[in-house]
>>> print(open('data-v3.cif').read())   # mmCIF, C-alpha atoms
data_target
#
loop_
_atom_site.group_PDB
_atom_site.id
_atom_site.type_symbol
_atom_site.label_atom_id
_atom_site.label_comp_id
_atom_site.auth_asym_id
_atom_site.auth_seq_id
_atom_site.Cartn_x
_atom_site.Cartn_y
_atom_site.Cartn_z
ATOM 1 C CA MET U 929 0.000 0.000 0.000
ATOM 2 C CA LYS U 930 2.752 2.315 0.982
ATOM 3 C CA SER U 931 4.588 1.557 -2.262
ATOM 4 C CA ILE U 932 1.468 2.273 -4.357
ATOM 5 C CA PHE U 933 1.167 5.608 -2.544
ATOM 6 C CA LYS U 934 4.848 6.244 -3.254
ATOM 7 C CA MET U 935 4.381 5.389 -6.944
ATOM 8 C CA CYS U 936 1.365 7.701 -7.185
ATOM 9 C CA THR U 937 3.298 10.502 -5.508
ATOM 10 C CA LEU U 938 6.235 9.950 -7.841
ATOM 11 C CA GLY U 939 3.819 9.906 -10.783
ATOM 12 C CA THR U 940 2.277 13.209 -9.696
ATOM 13 C CA VAL U 941 5.708 14.762 -9.221
ATOM 14 C CA ALA U 942 6.763 13.527 -12.678
ATOM 15 C CA LEU U 943 3.583 14.977 -14.229
ATOM 16 C CA LEU U 944 4.088 18.307 -12.484
ATOM 17 C CA LEU U 945 7.744 18.393 -13.554
ATOM 18 C CA SER U 946 6.808 17.594 -17.140
ATOM 19 C CA ALA U 947 4.132 20.360 -17.087
ATOM 20 C CA ASN U 948 6.805 22.685 -15.728
ATOM 21 C CA VAL U 949 9.282 21.762 -18.464
ATOM 22 C CA GLN U 950 6.588 22.363 -21.080
ATOM 23 C CA ALA U 951 5.666 25.756 -19.570
ATOM 24 C CA THR U 952 9.334 26.729 -19.472
ATOM 25 C CA GLU U 953 9.840 25.716 -23.093
ATOM 26 C CA GLU U 954 6.755 27.649 -24.238
ATOM 27 C CA ASN U 955 7.873 30.729 -22.327
ATOM 28 C CA ASP U 956 11.412 30.425 -23.704
ATOM 29 C CA ASN U 957 10.022 30.279 -27.233
ATOM 30 C CA ALA U 958 7.839 33.325 -26.569
ATOM 31 C CA ILE U 959 10.821 35.277 -25.182
ATOM 32 C CA ASP U 960 13.028 34.290 -28.140
ATOM 33 C CA TYR U 961 10.285 35.278 -30.548
ATOM 34 C CA ARG U 962 9.628 38.723 -29.075
ATOM 35 C CA GLN U 963 13.361 39.467 -28.708
ATOM 36 C CA ASN U 964 13.933 38.489 -32.345
ATOM 37 C CA ALA U 965 11.025 40.629 -33.523
ATOM 38 C CA LEU U 966 12.212 43.624 -31.483
ATOM 39 C CA SER U 967 15.771 43.165 -32.837
ATOM 40 C CA VAL U 968 14.497 43.188 -36.414
ATOM 41 C CA MET U 969 12.605 46.411 -35.590
ATOM 42 C CA ALA U 970 15.784 47.960 -34.156
ATOM 43 C CA TRP U 971 17.676 47.031 -37.349
ATOM 44 C CA GLN U 972 15.009 48.733 -39.480
ATOM 45 C CA MET U 973 14.912 51.763 -37.160
ATOM 46 C CA GLY U 974 18.708 52.286 -37.324
ATOM 47 C CA PRO U 975 18.918 53.991 -40.740
ATOM 48 C CA LEU U 976 15.702 55.971 -40.052
ATOM 49 C CA GLY U 977 17.248 57.403 -36.891
ATOM 50 C CA ALA U 978 20.550 58.076 -38.676
ATOM 51 C CA MET U 979 18.776 59.912 -41.530
ATOM 52 C CA ALA U 980 16.626 61.895 -39.087
ATOM 53 C CA LYS U 981 19.728 62.975 -37.134
ATOM 54 C CA GLY U 982 21.703 63.819 -40.276
ATOM 55 C CA ASP U 983 24.286 61.085 -39.614
ATOM 56 C CA MET U 984 23.283 59.546 -42.947
ATOM 57 C CA ASP U 985 22.089 61.244 -46.145
ATOM 58 C CA TYR U 986 18.340 61.136 -46.677
ATOM 59 C CA ASN U 987 17.470 58.535 -49.285
ATOM 60 C CA ALA U 988 13.761 58.540 -50.101
ATOM 61 C CA GLU U 989 13.656 54.928 -51.285
ATOM 62 C CA GLU U 990 15.452 53.526 -48.253
ATOM 63 C CA PHE U 991 13.493 55.717 -45.839
ATOM 64 C CA GLN U 992 10.210 54.502 -47.335
ATOM 65 C CA LEU U 993 11.263 50.844 -47.258
ATOM 66 C CA ARG U 994 12.453 51.022 -43.627
ATOM 67 C CA ALA U 995 9.384 52.968 -42.495
ATOM 68 C CA ASN U 996 7.033 50.471 -44.144
ATOM 69 C CA ASN U 997 8.943 47.512 -42.697
ATOM 70 C CA LEU U 998 8.819 49.098 -39.251
ATOM 71 C CA ALA U 999 5.071 49.679 -39.475
ATOM 72 C CA ALA U 1000 4.533 46.080 -40.616
ATOM 73 C CA LEU U 1001 6.607 44.801 -37.684
ATOM 74 C CA ALA U 1002 5.184 47.077 -34.986
ATOM 75 C CA GLY U 1003 2.251 44.814 -34.160
ATOM 76 C CA MET U 1004 4.225 41.570 -34.030
ATOM 77 C CA PRO U 1005 6.329 41.331 -30.839
ATOM 78 C CA TRP U 1006 3.495 41.669 -28.331
ATOM 79 C CA GLU U 1007 1.999 38.189 -28.542
ATOM 80 C CA GLY U 1008 5.311 37.018 -27.085
ATOM 81 C CA PHE U 1009 4.656 38.794 -23.774
ATOM 82 C CA VAL U 1010 2.765 35.931 -22.177
ATOM 83 C CA GLU U 1011 2.159 35.159 -18.511
ATOM 84 C CA GLY U 1012 5.122 33.377 -16.966
ATOM 85 C CA SER U 1013 7.614 34.854 -19.451
ATOM 86 C CA PHE U 1014 8.525 37.944 -17.420
ATOM 87 C CA ARG U 1015 11.323 38.332 -14.889
ATOM 88 C CA GLY U 1016 10.815 35.887 -12.078
ATOM 89 C CA GLY U 1017 8.643 33.629 -14.273
ATOM 90 C CA GLU U 1018 9.180 30.068 -15.438
ATOM 91 C CA HIS U 1019 11.754 30.402 -18.193
ATOM 92 C CA SER U 1020 15.414 29.759 -18.859
ATOM 93 C CA VAL U 1021 15.998 32.621 -21.322
ATOM 94 C CA SER U 1022 17.175 35.916 -19.839
ATOM 95 C CA THR U 1023 14.690 38.765 -20.268
ATOM 96 C CA GLY U 1024 14.504 42.474 -19.494
ATOM 97 C CA ALA U 1025 10.694 42.314 -19.336
ATOM 98 C CA LEU U 1026 9.754 43.346 -15.799
ATOM 99 C CA ALA U 1027 7.273 41.265 -13.813
ATOM 100 C CA LYS U 1028 4.931 44.244 -13.476
ATOM 101 C CA ILE U 1029 3.960 43.918 -17.158
ATOM 102 C CA ALA U 1030 1.647 41.081 -16.033
ATOM 103 C CA THR U 1031 -0.267 43.345 -13.642
ATOM 104 C CA ASN U 1032 -0.282 46.324 -16.035
ATOM 105 C CA MET U 1033 -1.128 44.535 -19.260
ATOM 106 C CA ASP U 1034 -3.661 47.156 -20.422
ATOM 107 C CA ASP U 1035 -1.138 49.955 -20.005
ATOM 108 C CA PHE U 1036 1.594 47.880 -21.649
ATOM 109 C CA MET U 1037 -0.602 46.994 -24.623
ATOM 110 C CA GLY U 1038 -1.684 50.638 -24.870
ATOM 111 C CA MET U 1039 1.985 51.496 -25.369
ATOM 112 C CA ALA U 1040 2.316 48.750 -27.967
ATOM 113 C CA ASP U 1041 -0.722 50.199 -29.782
ATOM 114 C CA ASP U 1042 0.882 53.648 -29.667
ATOM 115 C CA LEU U 1043 3.940 52.259 -31.459
ATOM 116 C CA VAL U 1044 1.694 50.859 -34.202
ATOM 117 C CA VAL U 1045 0.030 54.285 -34.587
ATOM 118 C CA GLN U 1046 3.329 56.208 -34.654
ATOM 119 C CA THR U 1047 5.044 53.836 -37.111
ATOM 120 C CA THR U 1048 1.973 53.783 -39.374
ATOM 121 C CA THR U 1049 2.044 57.587 -39.454
ATOM 122 C CA LEU U 1050 5.758 57.442 -40.298
ATOM 123 C CA ALA U 1051 5.107 54.993 -43.151
ATOM 124 C CA GLU U 1052 2.369 57.293 -44.514
ATOM 125 C CA LEU U 1053 4.651 60.347 -44.297
ATOM 126 C CA SER U 1054 7.473 58.419 -46.004
ATOM 127 C CA ASN U 1055 5.344 58.182 -49.154
ATOM 128 C CA GLY U 1056 5.336 61.999 -49.411
ATOM 129 C CA ASP U 1057 8.177 64.522 -49.574
ATOM 130 C CA ASP U 1058 7.954 66.417 -46.279
ATOM 131 C CA PHE U 1059 11.258 65.310 -44.786
ATOM 132 C CA SER U 1060 10.908 67.747 -41.891
ATOM 133 C CA ALA U 1061 7.672 65.995 -40.857
ATOM 134 C CA MET U 1062 9.336 62.597 -41.304
ATOM 135 C CA ARG U 1063 12.221 63.612 -39.017
ATOM 136 C CA LYS U 1064 9.795 64.768 -36.325
ATOM 137 C CA GLN U 1065 7.851 61.528 -36.664
ATOM 138 C CA VAL U 1066 11.008 59.420 -36.261
ATOM 139 C CA GLY U 1067 11.400 61.274 -32.945
ATOM 140 C CA LYS U 1068 7.862 60.279 -31.957
ATOM 141 C CA VAL U 1069 8.555 56.636 -32.822
ATOM 142 C CA GLY U 1070 11.744 56.751 -30.733
ATOM 143 C CA GLN U 1071 9.819 58.345 -27.865
ATOM 144 C CA SER U 1072 7.216 55.582 -28.078
ATOM 145 C CA CYS U 1073 9.955 52.913 -27.778
ATOM 146 C CA LYS U 1074 11.574 54.806 -24.892
ATOM 147 C CA SER U 1075 8.368 55.295 -22.884
ATOM 148 C CA CYS U 1076 7.753 51.573 -22.828
ATOM 149 C CA HIS U 1077 11.401 50.692 -22.131
ATOM 150 C CA ASP U 1078 11.509 53.191 -19.244
ATOM 151 C CA ALA U 1079 8.363 51.743 -17.717
ATOM 152 C CA TYR U 1080 8.719 48.024 -18.355
ATOM 153 C CA ARG U 1081 12.277 47.053 -19.294
ATOM 154 C CA GLY U 1082 14.869 46.271 -16.654
ATOM 155 C CA ASP U 1083 18.626 46.826 -16.971
ATOM 156 C CA MET R 1273 65.453 53.880 -38.191
ATOM 157 C CA LYS R 1274 64.799 50.262 -37.473
ATOM 158 C CA SER R 1275 62.512 51.203 -34.559
ATOM 159 C CA ILE R 1276 60.533 53.623 -36.774
ATOM 160 C CA PHE R 1277 60.089 50.813 -39.287
ATOM 161 C CA LYS R 1278 58.967 48.527 -36.471
ATOM 162 C CA MET R 1279 56.475 51.129 -35.239
ATOM 163 C CA CYS R 1280 55.066 51.582 -38.756
ATOM 164 C CA THR R 1281 54.734 47.828 -39.161
ATOM 165 C CA LEU R 1282 53.025 47.559 -35.797
ATOM 166 C CA GLY R 1283 50.762 50.472 -36.773
ATOM 167 C CA THR R 1284 49.792 48.734 -40.020
ATOM 168 C CA VAL R 1285 49.130 45.479 -38.200
ATOM 169 C CA ALA R 1286 46.990 47.345 -35.652
ATOM 170 C CA LEU R 1287 45.022 49.033 -38.451
ATOM 171 C CA LEU R 1288 44.482 45.742 -40.249
ATOM 172 C CA LEU R 1289 43.428 44.063 -37.025
ATOM 173 C CA SER R 1290 41.001 46.875 -36.246
ATOM 174 C CA ALA R 1291 39.571 46.643 -39.807
ATOM 175 C CA ASN R 1292 39.211 42.911 -39.236
ATOM 176 C CA VAL R 1293 37.429 43.407 -35.917
ATOM 177 C CA GLN R 1294 35.060 45.894 -37.573
ATOM 178 C CA ALA R 1295 34.348 43.512 -40.483
ATOM 179 C CA THR R 1296 33.705 40.683 -38.040
ATOM 180 C CA GLU R 1297 31.335 42.840 -35.988
ATOM 181 C CA GLU R 1298 29.441 43.972 -39.095
ATOM 182 C CA ASN R 1299 29.134 40.388 -40.325
ATOM 183 C CA ASP R 1300 28.026 39.191 -36.889
ATOM 184 C CA ASN R 1301 25.321 41.864 -36.833
ATOM 185 C CA ALA R 1302 24.176 40.864 -40.326
ATOM 186 C CA ILE R 1303 24.011 37.180 -39.320
ATOM 187 C CA ASP R 1304 22.088 37.994 -36.121
ATOM 188 C CA TYR R 1305 19.694 40.167 -38.087
ATOM 189 C CA ARG R 1306 18.901 37.616 -40.781
ATOM 190 C CA GLN R 1307 18.588 34.776 -38.254
ATOM 191 C CA ASN R 1308 16.196 36.880 -36.168
ATOM 192 C CA ALA R 1309 14.122 37.810 -39.217
ATOM 193 C CA LEU R 1310 13.959 34.168 -40.383
ATOM 194 C CA SER R 1311 12.951 33.052 -36.860
ATOM 195 C CA VAL R 1312 10.110 35.571 -36.782
ATOM 196 C CA MET R 1313 8.980 34.214 -40.162
ATOM 197 C CA ALA R 1314 9.081 30.649 -38.827
ATOM 198 C CA TRP R 1315 6.947 31.721 -35.842
ATOM 199 C CA GLN R 1316 4.354 33.271 -38.179
ATOM 200 C CA MET R 1317 4.466 30.231 -40.489
ATOM 201 C CA GLY R 1318 3.855 27.777 -37.627
ATOM 202 C CA PRO R 1319 0.071 28.246 -37.249
ATOM 203 C CA LEU R 1320 -0.382 28.516 -41.051
ATOM 204 C CA GLY R 1321 1.266 25.127 -41.501
ATOM 205 C CA ALA R 1322 -0.732 23.660 -38.611
ATOM 206 C CA MET R 1323 -4.033 24.938 -40.061
ATOM 207 C CA ALA R 1324 -3.128 23.717 -43.552
ATOM 208 C CA LYS R 1325 -2.311 20.248 -42.188
ATOM 209 C CA GLY R 1326 -5.440 20.123 -40.026
ATOM 210 C CA ASP R 1327 -3.431 20.015 -36.794
ATOM 211 C CA MET R 1328 -5.180 23.246 -35.800
ATOM 212 C CA ASP R 1329 -8.702 24.453 -36.604
ATOM 213 C CA TYR R 1330 -8.901 26.980 -39.421
ATOM 214 C CA ASN R 1331 -9.422 30.450 -38.006
ATOM 215 C CA ALA R 1332 -9.906 33.031 -40.763
ATOM 216 C CA GLU R 1333 -8.751 35.981 -38.665
ATOM 217 C CA GLU R 1334 -5.556 34.306 -37.459
ATOM 218 C CA PHE R 1335 -4.804 32.862 -40.903
ATOM 219 C CA GLN R 1336 -5.129 36.290 -42.482
ATOM 220 C CA LEU R 1337 -2.978 37.980 -39.833
ATOM 221 C CA ARG R 1338 -0.193 35.353 -40.091
ATOM 222 C CA ALA R 1339 -0.280 35.348 -43.890
ATOM 223 C CA ASN R 1340 -0.034 39.134 -44.035
ATOM 224 C CA ASN R 1341 2.775 39.180 -41.468
ATOM 225 C CA LEU R 1342 4.652 36.528 -43.431
ATOM 226 C CA ALA R 1343 4.294 38.474 -46.697
ATOM 227 C CA ALA R 1344 5.507 41.654 -44.970
ATOM 228 C CA LEU R 1345 8.534 39.787 -43.557
ATOM 229 C CA ALA R 1346 9.446 37.825 -46.686
ATOM 230 C CA GLY R 1347 11.570 40.598 -48.195
ATOM 231 C CA MET R 1348 13.485 41.432 -45.032
ATOM 232 C CA PRO R 1349 16.108 38.767 -44.201
ATOM 233 C CA TRP R 1350 18.087 38.946 -47.452
ATOM 234 C CA GLU R 1351 20.020 42.148 -46.854
ATOM 235 C CA GLY R 1352 21.727 40.249 -44.046
ATOM 236 C CA PHE R 1353 23.378 37.833 -46.501
ATOM 237 C CA VAL R 1354 26.454 39.992 -47.097
ATOM 238 C CA GLU R 1355 29.890 39.012 -48.344
ATOM 239 C CA GLY R 1356 32.053 37.631 -45.552
ATOM 240 C CA SER R 1357 29.054 36.479 -43.489
ATOM 241 C CA PHE R 1358 28.846 32.944 -44.931
ATOM 242 C CA ARG R 1359 30.515 29.798 -43.641
ATOM 243 C CA GLY R 1360 34.270 30.273 -43.703
ATOM 244 C CA GLY R 1361 33.890 34.080 -43.661
ATOM 245 C CA GLU R 1362 35.027 36.619 -41.082
ATOM 246 C CA HIS R 1363 32.482 36.270 -38.318
ATOM 247 C CA SER R 1364 32.133 34.869 -34.831
ATOM 248 C CA VAL R 1365 28.432 33.934 -35.008
ATOM 249 C CA SER R 1366 27.642 30.403 -36.156
ATOM 250 C CA THR R 1367 25.755 30.238 -39.451
ATOM 251 C CA GLY R 1368 24.216 27.582 -41.693
ATOM 252 C CA ALA R 1369 24.619 29.835 -44.745
ATOM 253 C CA LEU R 1370 26.929 27.977 -47.137
ATOM 254 C CA ALA R 1371 29.880 29.780 -48.729
ATOM 255 C CA LYS R 1372 28.502 29.080 -52.217
ATOM 256 C CA ILE R 1373 25.770 31.688 -51.688
ATOM 257 C CA ALA R 1374 28.462 34.299 -52.489
ATOM 258 C CA THR R 1375 29.157 32.770 -55.909
ATOM 259 C CA ASN R 1376 25.479 32.065 -56.669
ATOM 260 C CA MET R 1377 23.965 35.306 -55.450
ATOM 261 C CA ASP R 1378 21.598 35.711 -58.429
ATOM 262 C CA ASP R 1379 20.170 32.229 -57.929
ATOM 263 C CA PHE R 1380 19.926 32.780 -54.157
ATOM 264 C CA MET R 1381 18.152 36.115 -54.570
ATOM 265 C CA GLY R 1382 15.870 34.543 -57.172
ATOM 266 C CA MET R 1383 14.782 32.075 -54.495
ATOM 267 C CA ALA R 1384 14.268 34.935 -52.045
ATOM 268 C CA ASP R 1385 12.107 36.703 -54.646
ATOM 269 C CA ASP R 1386 10.097 33.508 -55.114
ATOM 270 C CA LEU R 1387 9.316 33.493 -51.386
ATOM 271 C CA VAL R 1388 8.032 37.064 -51.657
ATOM 272 C CA VAL R 1389 5.793 36.057 -54.586
ATOM 273 C CA GLN R 1390 4.457 32.918 -52.854
ATOM 274 C CA THR R 1391 3.771 34.659 -49.514
ATOM 275 C CA THR R 1392 2.128 37.628 -51.260
ATOM 276 C CA THR R 1393 -0.179 35.188 -53.081
ATOM 277 C CA LEU R 1394 -0.952 33.520 -49.745
ATOM 278 C CA ALA R 1395 -1.789 36.888 -48.162
ATOM 279 C CA GLU R 1396 -4.107 37.704 -51.078
ATOM 280 C CA LEU R 1397 -5.834 34.304 -50.826
ATOM 281 C CA SER R 1398 -6.224 34.731 -47.063
ATOM 282 C CA ASN R 1399 -8.530 37.702 -47.690
ATOM 283 C CA GLY R 1400 -10.954 35.391 -49.504
ATOM 284 C CA ASP R 1401 -12.722 32.231 -48.413
ATOM 285 C CA ASP R 1402 -11.168 29.507 -50.571
ATOM 286 C CA PHE R 1403 -9.490 27.518 -47.818
ATOM 287 C CA SER R 1404 -8.551 24.722 -50.219
ATOM 288 C CA ALA R 1405 -6.524 27.223 -52.295
ATOM 289 C CA MET R 1406 -4.980 28.642 -49.094
ATOM 290 C CA ARG R 1407 -3.863 25.159 -47.998
ATOM 291 C CA LYS R 1408 -2.233 24.500 -51.369
ATOM 292 C CA GLN R 1409 -0.526 27.877 -51.222
ATOM 293 C CA VAL R 1410 0.883 27.165 -47.740
ATOM 294 C CA GLY R 1411 2.466 24.108 -49.392
ATOM 295 C CA LYS R 1412 4.025 26.327 -52.055
ATOM 296 C CA VAL R 1413 5.420 28.663 -49.409
ATOM 297 C CA GLY R 1414 6.887 25.690 -47.544
ATOM 298 C CA GLN R 1415 8.374 24.366 -50.786
ATOM 299 C CA SER R 1416 9.941 27.766 -51.443
ATOM 300 C CA CYS R 1417 11.614 27.710 -47.990
ATOM 301 C CA LYS R 1418 12.759 24.111 -48.523
ATOM 302 C CA SER R 1419 14.264 24.672 -51.992
ATOM 303 C CA CYS R 1420 16.507 27.390 -50.652
ATOM 304 C CA HIS R 1421 17.412 25.458 -47.475
ATOM 305 C CA ASP R 1422 18.272 22.366 -49.546
ATOM 306 C CA ALA R 1423 20.511 24.380 -51.845
ATOM 307 C CA TYR R 1424 22.154 26.845 -49.499
ATOM 308 C CA ARG R 1425 21.793 25.870 -45.836
ATOM 309 C CA GLY R 1426 24.276 23.543 -44.172
ATOM 310 C CA ASP R 1427 23.498 21.159 -41.320
#
>>> encode(input="data-v3.cif", output="structure tokens")
Amino acid sequence: MKSIFKMCTLGTVALLLSANVQATEENDNAIDYRQNALSVMAWQMGPLGAMAKGDMDYNAEEFQLRANNLAALAGMPWEGFVEGSFRGGEHSVSTGALAKIATNMDDFMGMADDLVVQTTTLAELSNGDDFSAMRKQVGKVGQSCKSCHDAYRGD
Amino acid sequence: MKSIFKMCTLGTVALLLSANVQATEENDNAIDYRQNALSVMAWQMGPLGAMAKGDMDYNAEEFQLRANNLAALAGMPWEGFVEGSFRGGEHSVSTGALAKIATNMDDFMGMADDLVVQTTTLAELSNGDDFSAMRKQVGKVGQSCKSCHDAYRGD
């Protein structure tokens, strides 16, 4: 009887451990995904920032391509911010995503939505020829990134 | 005189080394970028493949979102395939990209263009209601990935 109890306990522990491993793997995948998506956005943003600052000559074709890519990407990373994938959660991949994202999801997603709005505006402006407006809008996109990083990204 | 010569030689070596370090860093960044972009594509492709195979119920809204994301991403990774960033090149990031990409760039980019065409067709189909056509097109997208992997990706 005792050994059956032991076997059941071991079975439960094994099931719980296997559920844990699965949760960890899912969270790791979500973290990898969002970090990859955000890195691709940063790559696209680089030349836009350089052109806006005057560190790189304005090239209408490249500006338009980067701005459109950025707008297309802006909605993608957020599905990777799932419960359990923040600091202190069940995962083995290092993340800067603070635990408080989980308890402030509406605010966090509001910031994500703002990035979509700002990058969409930038993509629209990039089809025209008002470079002064484009430069200002690159600043707004950067500010949108920064607001969220300041609030929800750890060192 | 000899010591001036030595200093010049050391200076040249230092310059060459620093150029090497810069090339390696640029290639590493390009490899990271393209790997990140391809990973984001694989994430978006996952549910499309699962729905096409019947492993996941068809959901029109999700299918359309994934298909449009995939089409938007399909043109992005290729700028990361720069000279020196293939196997045997100057980089410190591991890559599956075979050296022969450099000598077959037109063929490689032709395959990249095919992926853009196939994913754009999938995105267009996803706006309609012909799920049978969508399933077939997911197969064509997968075949486009596979052709390029078979030709140009190492183990």
>>> residues_around(input="data-v3.cif", residues="region 1310-1324 of chain R", least_positions_apart="3", cutoff="7 Å", atoms="all atoms listed in the file", output="VMD selection string")
(chain U and resid 961 964 to 965) or (chain R and resid 1306 to 1307 1327 to 1330 1335 1338 1341 to 1342 1345 1349 1407 1410)
>>> resolve_selection(input="data-v3.cif", expression="the PyMOL selection byres ((chain U and resi 1028-1044) around 9)", output="PDB file with C-alpha atoms, keeping the file's coordinate frame")
ATOM      1  CA  LEU U 998       8.819  49.098 -39.251  1.00  0.00           C
ATOM      2  CA  ALA U 999       5.071  49.679 -39.475  1.00  0.00           C
ATOM      3  CA  ALA U1000       4.533  46.080 -40.616  1.00  0.00           C
ATOM      4  CA  LEU U1001       6.607  44.801 -37.684  1.00  0.00           C
ATOM      5  CA  ALA U1002       5.184  47.077 -34.986  1.00  0.00           C
ATOM      6  CA  GLY U1003       2.251  44.814 -34.160  1.00  0.00           C
ATOM      7  CA  PRO U1005       6.329  41.331 -30.839  1.00  0.00           C
ATOM      8  CA  TRP U1006       3.495  41.669 -28.331  1.00  0.00           C
ATOM      9  CA  PHE U1009       4.656  38.794 -23.774  1.00  0.00           C
ATOM     10  CA  VAL U1010       2.765  35.931 -22.177  1.00  0.00           C
ATOM     11  CA  GLU U1011       2.159  35.159 -18.511  1.00  0.00           C
ATOM     12  CA  GLY U1012       5.122  33.377 -16.966  1.00  0.00           C
ATOM     13  CA  PHE U1014       8.525  37.944 -17.420  1.00  0.00           C
ATOM     14  CA  ARG U1015      11.323  38.332 -14.889  1.00  0.00           C
ATOM     15  CA  ALA U1025      10.694  42.314 -19.336  1.00  0.00           C
ATOM     16  CA  LEU U1026       9.754  43.346 -15.799  1.00  0.00           C
ATOM     17  CA  ALA U1027       7.273  41.265 -13.813  1.00  0.00           C
ATOM     18  CA  VAL U1045       0.030  54.285 -34.587  1.00  0.00           C
ATOM     19  CA  GLN U1046       3.329  56.208 -34.654  1.00  0.00           C
ATOM     20  CA  THR U1047       5.044  53.836 -37.111  1.00  0.00           C
ATOM     21  CA  THR U1048       1.973  53.783 -39.374  1.00  0.00           C
ATOM     22  CA  THR U1049       2.044  57.587 -39.454  1.00  0.00           C
ATOM     23  CA  LYS U1068       7.862  60.279 -31.957  1.00  0.00           C
ATOM     24  CA  VAL U1069       8.555  56.636 -32.822  1.00  0.00           C
ATOM     25  CA  SER U1072       7.216  55.582 -28.078  1.00  0.00           C
ATOM     26  CA  CYS U1073       9.955  52.913 -27.778  1.00  0.00           C
ATOM     27  CA  SER U1075       8.368  55.295 -22.884  1.00  0.00           C
ATOM     28  CA  CYS U1076       7.753  51.573 -22.828  1.00  0.00           C
ATOM     29  CA  ALA U1079       8.363  51.743 -17.717  1.00  0.00           C
ATOM     30  CA  TYR U1080       8.719  48.024 -18.355  1.00  0.00           C
TER      31      TYR U1080
END
>>> atom_distance(input="data-v3.cif", atom1="CA of Glu953 (chain U)", atom2="CA of Ser1020 (chain U)")
8.1 Å
>>> resolve_selection(input="data-v3.cif", expression="the PyMOL selection byres ((chain U and resi 1053) around 12)", output="compact mmCIF listing (two decimals) with C-alpha atoms, in the frame of the given file")
# COMPACT_ATOMS: atom_id res chain seq x y z
CA ALA U 988 13.76 58.54 -50.10
CA PHE U 991 13.49 55.72 -45.84
CA GLN U 992 10.21 54.50 -47.34
CA LEU U 993 11.26 50.84 -47.26
CA ALA U 995 9.38 52.97 -42.50
CA ASN U 996 7.03 50.47 -44.14
CA ALA U 999 5.07 49.68 -39.48
CA GLN U 1046 3.33 56.21 -34.65
CA THR U 1047 5.04 53.84 -37.11
CA THR U 1048 1.97 53.78 -39.37
CA THR U 1049 2.04 57.59 -39.45
CA LEU U 1050 5.76 57.44 -40.30
CA ALA U 1051 5.11 54.99 -43.15
CA GLU U 1052 2.37 57.29 -44.51
CA SER U 1054 7.47 58.42 -46.00
CA ASN U 1055 5.34 58.18 -49.15
CA GLY U 1056 5.34 62.00 -49.41
CA ASP U 1057 8.18 64.52 -49.57
CA ASP U 1058 7.95 66.42 -46.28
CA PHE U 1059 11.26 65.31 -44.79
CA SER U 1060 10.91 67.75 -41.89
CA ALA U 1061 7.67 66.00 -40.86
CA MET U 1062 9.34 62.60 -41.30
CA ARG U 1063 12.22 63.61 -39.02
CA LYS U 1064 9.80 64.77 -36.33
CA GLN U 1065 7.85 61.53 -36.66
CA VAL U 1066 11.01 59.42 -36.26
>>> residues_around(input="data-v3.cif", residues="Gly1024 (chain U)", least_positions_apart="4", cutoff="7 Å", atoms="only C-alpha atoms", output="mmCIF file with C-alpha atoms, in the coordinates of the input")
data_model
loop_
_atom_site.group_PDB
_atom_site.id
_atom_site.type_symbol
_atom_site.label_atom_id
_atom_site.label_comp_id
_atom_site.auth_asym_id
_atom_site.auth_seq_id
_atom_site.Cartn_x
_atom_site.Cartn_y
_atom_site.Cartn_z
ATOM 1 C CA ARG U 1015 11.323 38.332 -14.889
ATOM 2 C CA ARG U 1081 12.277 47.053 -19.294
ATOM 3 C CA GLY U 1082 14.869 46.271 -16.654
ATOM 4 C CA ASP U 1083 18.626 46.826 -16.971
#
>>> closest_residue(input="data-v3.cif", among="U:Ala951, U:Ile959, U:Ile932, U:Leu945", to="chain R", atoms="all atoms listed in the file")
U:Ile959
>>> atom_distance(input="data-v3.cif", atom1="CA of Ser1013 (chain U)", atom2="CA of Ala958 (chain U)")
7.3 Å
>>> atom_distance(input="data-v3.cif", atom1="CA of Gly1070 (chain U)", atom2="CA of Lys981 (chain U)")
12.0 Å
>>> axis_aligned_box(input="data-v3.cif", around="region 1275-1292 of chain R", padding_each_side="4 Å", output="JSON")
{"center_x": 50.9, "center_y": 48.3, "center_z": -37.4, "size_x": 31.3, "size_y": 18.7, "size_z": 13.7}
>>> closest_residue(input="data-v3.cif", among="R:Asp1304, R:Glu1333, R:Glu1351, R:Asp1422", to="His1363 (chain R)", atoms="only C-alpha atoms")
R:Asp1304
